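Following: one structure in structure tokens, then a few remarks.
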Amino acid sequence: MLPAELIRFKQTGRSITVLTAWDSITSSMVEAAGADVVLVGDSLAMVVLGHATTLPVTLEQMLHHAQAVGRGFARPLSNQPLVVCDLPFLSYHCGEDEAVAAAGSLLKNSCASAVKLEGAESEVLKVIQRLVRTGIPVMGHLGLTPQAVHQLGYRRQAEDQLSQDKIFRQALELEQSGCFAIVLEHVPGELASRLRSELKVPLIGIGAGTDCDGQVRVTADLLGLSEKQPPFSPSLISGRELCINALQKWVNEQQKQAKNPTK
């Protein structure tokens with residue numbers, strides 16, 4: 001799938017589904033589930049690598065996981081989901097040339113067809129414009145931006161009119177800079193609704209209400225694999241508990257067999 005297809009989905013009113021994946025097992029499940037977009041998110045720093053924030057994950061690690069995600073797809077290339085890979089912290093903050101090199105390495109050496117960047121500061125807008133001119137599709141990300149955790153924390157964003165107006169303006173700037181879609185995270189639903197009607201590109205929500213062009217979720221959260229659930233992403237099943245119980249059953253069976261060896 002090409003990024004332009006998501007814009008067509010918005011135009012026709014078809015909801016867009018985005019799920020994260022971090023290895024071949026999760027990508028195979030997400031593809032089989034029918035997701036339109038697979039996001040190799042820097043959330044893997046926390047979900048997979050055990051970090052407290054997304055900041056420590058490196059470009060090399062993102063590439064490693066993106067390559068693993070590509071190996072999990074079973075469909076022909078033309079029918080595979082669109083793969084978007086997060087550019088990690090500091091890979092696009094130190095100049096346009098470094099950002100192009102980082103994004104280019106992901107597209108050149110993995111299944112990723114686009115990258116995602118957080119924020120809309122003037123420096124980031126210049127990077128996005130340069131990437132788009134280079135032929136690298138870009139997805140934007142506003143609201144709760146985890147790479148700014150030391151500034152914003154993980155609390156809900158845009159609670160007041162001034163900050164809502166700022167995000168609204170930034171979203172328009174991202175669209176004008178060439179982003180093919182924008183993720184809006186953990187903000188009031190009325191802001192998302194207002195933006196959806198204004199933007200020509202899809203608005204993908206997470207904790208931003210239901211009036212969006214699509215939704216994105218961290219797969220581990222939906223499956224209940226995380227020890228702590230975000231308030232805006234309740235689990236669909238108690239996956240962690242189910243897995244632990246199944247493994248405990250196997251361990252107990254092996255221990256019983258050891259105590260009662262056959263003669």
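Ordering of the structure tokens sets the chain letters (A, B, ...); residue numbers start at 1 within each chain; ligands are numbered from 1 in the order shown.
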
- Residue set, segment 36-256 of chain A restricted to strand (DSSP E or B), as a ChimeraX atom specification: /A:37-40,82-86,114-116,138-143,181-185,203-206,214-217

- Contact residues around Ser91 of chain A with only C-alpha atoms at 10 Å, ignoring same-chain residues under 6 positions, as a list of chain:residue names: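 Listing them by chain and then by number gives A:Thr58, A:Leu59, A:Glu98, A:Ala99, A:Val100, A:Ala101, A:Ala102, A:Ala103, A:Leu117.
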
- Item | Residues within 6 Å of segment 184-194 of chain A, only C-alpha atoms, excluding chain neighbours under 5 positions, as a PyMOL selection string | chain A and resi 141-144+156-158+205-209+211

- Message: Taking only segment 127-217 of chain A into account, list the residues labelled helix (DSSP H, G or I) by DSSP (computed from the backbone), as a ChimeraX atom specification.
- Response: /A:127-134,146-152,161-177,189-198

- Query: Which value, in Å to one decimal, gives the distance between atom CA of Ser233 of chain A and atom CA of Gln215 of chain A?
  - Reply: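 Atom CA of Gln215 of chain A lies at a distance of 10.8 Å from atom CA of Ser233 of chain A.
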
- Mind giving me the straight-line distance from atom CA of His150 of chain A to atom CA of Ala112 of chain A in Å, one decimal?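 For atom CA of His150 of chain A relative to atom CA of Ala112 of chain A, the distance reads 28.5 Å.
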
- Task: Determine, counting only C-alpha atoms, which protein, DNA and RNA residues have an atom within 8 Å of an atom of Pro3 of chain A; residues of the same chain fewer than 6 positions away are not included. Present the result as JSON, numbers by chain.
- Result: {"A": [82, 114, 137, 180]}

Would you save the residues of that selection, restricted to C-alpha atoms, as a CSV table (one decimal), in the first residue's frame?
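Wrote part-v7.csv, looks like this:
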chain,number,residue,atom,x,y,z
A,82,LEU,CA,2.0,0.2,4.5
A,114,ALA,CA,7.6,6.0,5.2
A,137,PRO,CA,7.0,10.0,2.7
A,180,PHE,CA,0.6,12.4,4.1

Using only C-alpha atoms, tabulate the residues of segment 82-187 of chain A lying at most 10 Å from any atom of segment 13-31 of chain A, each with its closest atom pair and that distance in Å to one decimal, by chain and increasing residue number, as CSV.
residue,atom,partner,partner_atom,distance
A:Leu82,CA,A:Val18,CA,9.3
A:Val83,CA,A:Thr20,CA,9.5
A:Val84,CA,A:Thr20,CA,9.3
A:Cys85,CA,A:Thr20,CA,9.6

Give me, as a PDB file with C-alpha atoms, in the first residue's frame, all polymer residues having an atom no more than 7 Å from Phe89 of chain A, counting only C-alpha atoms and skipping those fewer than 2 positions away in the same chain.
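part_6.pdb written:
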ATOM      1  CA  LEU A  55      14.497   7.990  24.205  1.00  0.00           C
ATOM      2  CA  LEU A  87      12.682   8.064  13.453  1.00  0.00           C
ATOM      3  CA  SER A  91      18.055  11.086  14.463  1.00  0.00           C
ATOM      4  CA  GLN A 147      10.194  11.902  22.731  1.00  0.00           C
TER       5      GLN A 147
END

- Task: Fewer than 3 positions away in the same chain doesn't count, so skip those; otherwise give me all residues within 9 Å of Ala220 of chain A, counting only C-alpha atoms, as a ChimeraX atom specification.
- Result: /A:20-21,47,217,223-226,235,239

- Top pick for closest residue to Met139 of chain A, considering A:Ser122, A:Gln248, A:Ser177, A:Thr53 and counting only C-alpha atoms: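 Closest candidate: A:Ser177.
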
- Using only C-alpha atoms, which residues sit within 10 Å of Arg169 of chain A once same-chain residues fewer than 5 positions away are excluded, as a list in words?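 Once the adjacent positions are removed, what remains is Ala120, Ser163, Gln164, Leu174 and Leu195 of chain A.
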
- Message: My list of candidates is A:Ala181, A:Ala171, A:Ala32, A:Ile244. Which is closest to Leu2 of chain A when distances are computed with only C-alpha atoms?
- Response: A:Ala181

- Item | Residue among A:Leu44, A:Ile182, A:Val132, A:Ala4 lying closest to Glu118 of chain A, counting only C-alpha atoms |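 Among the listed residues, the smallest separation from Glu118 of chain A belongs to A:Ile182.
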
- Message: Please compute the atom CA of Val149 of chain A-atom CA of Val216 of chain A distance, one decimal, in Å.
- Response: 19.5 Å
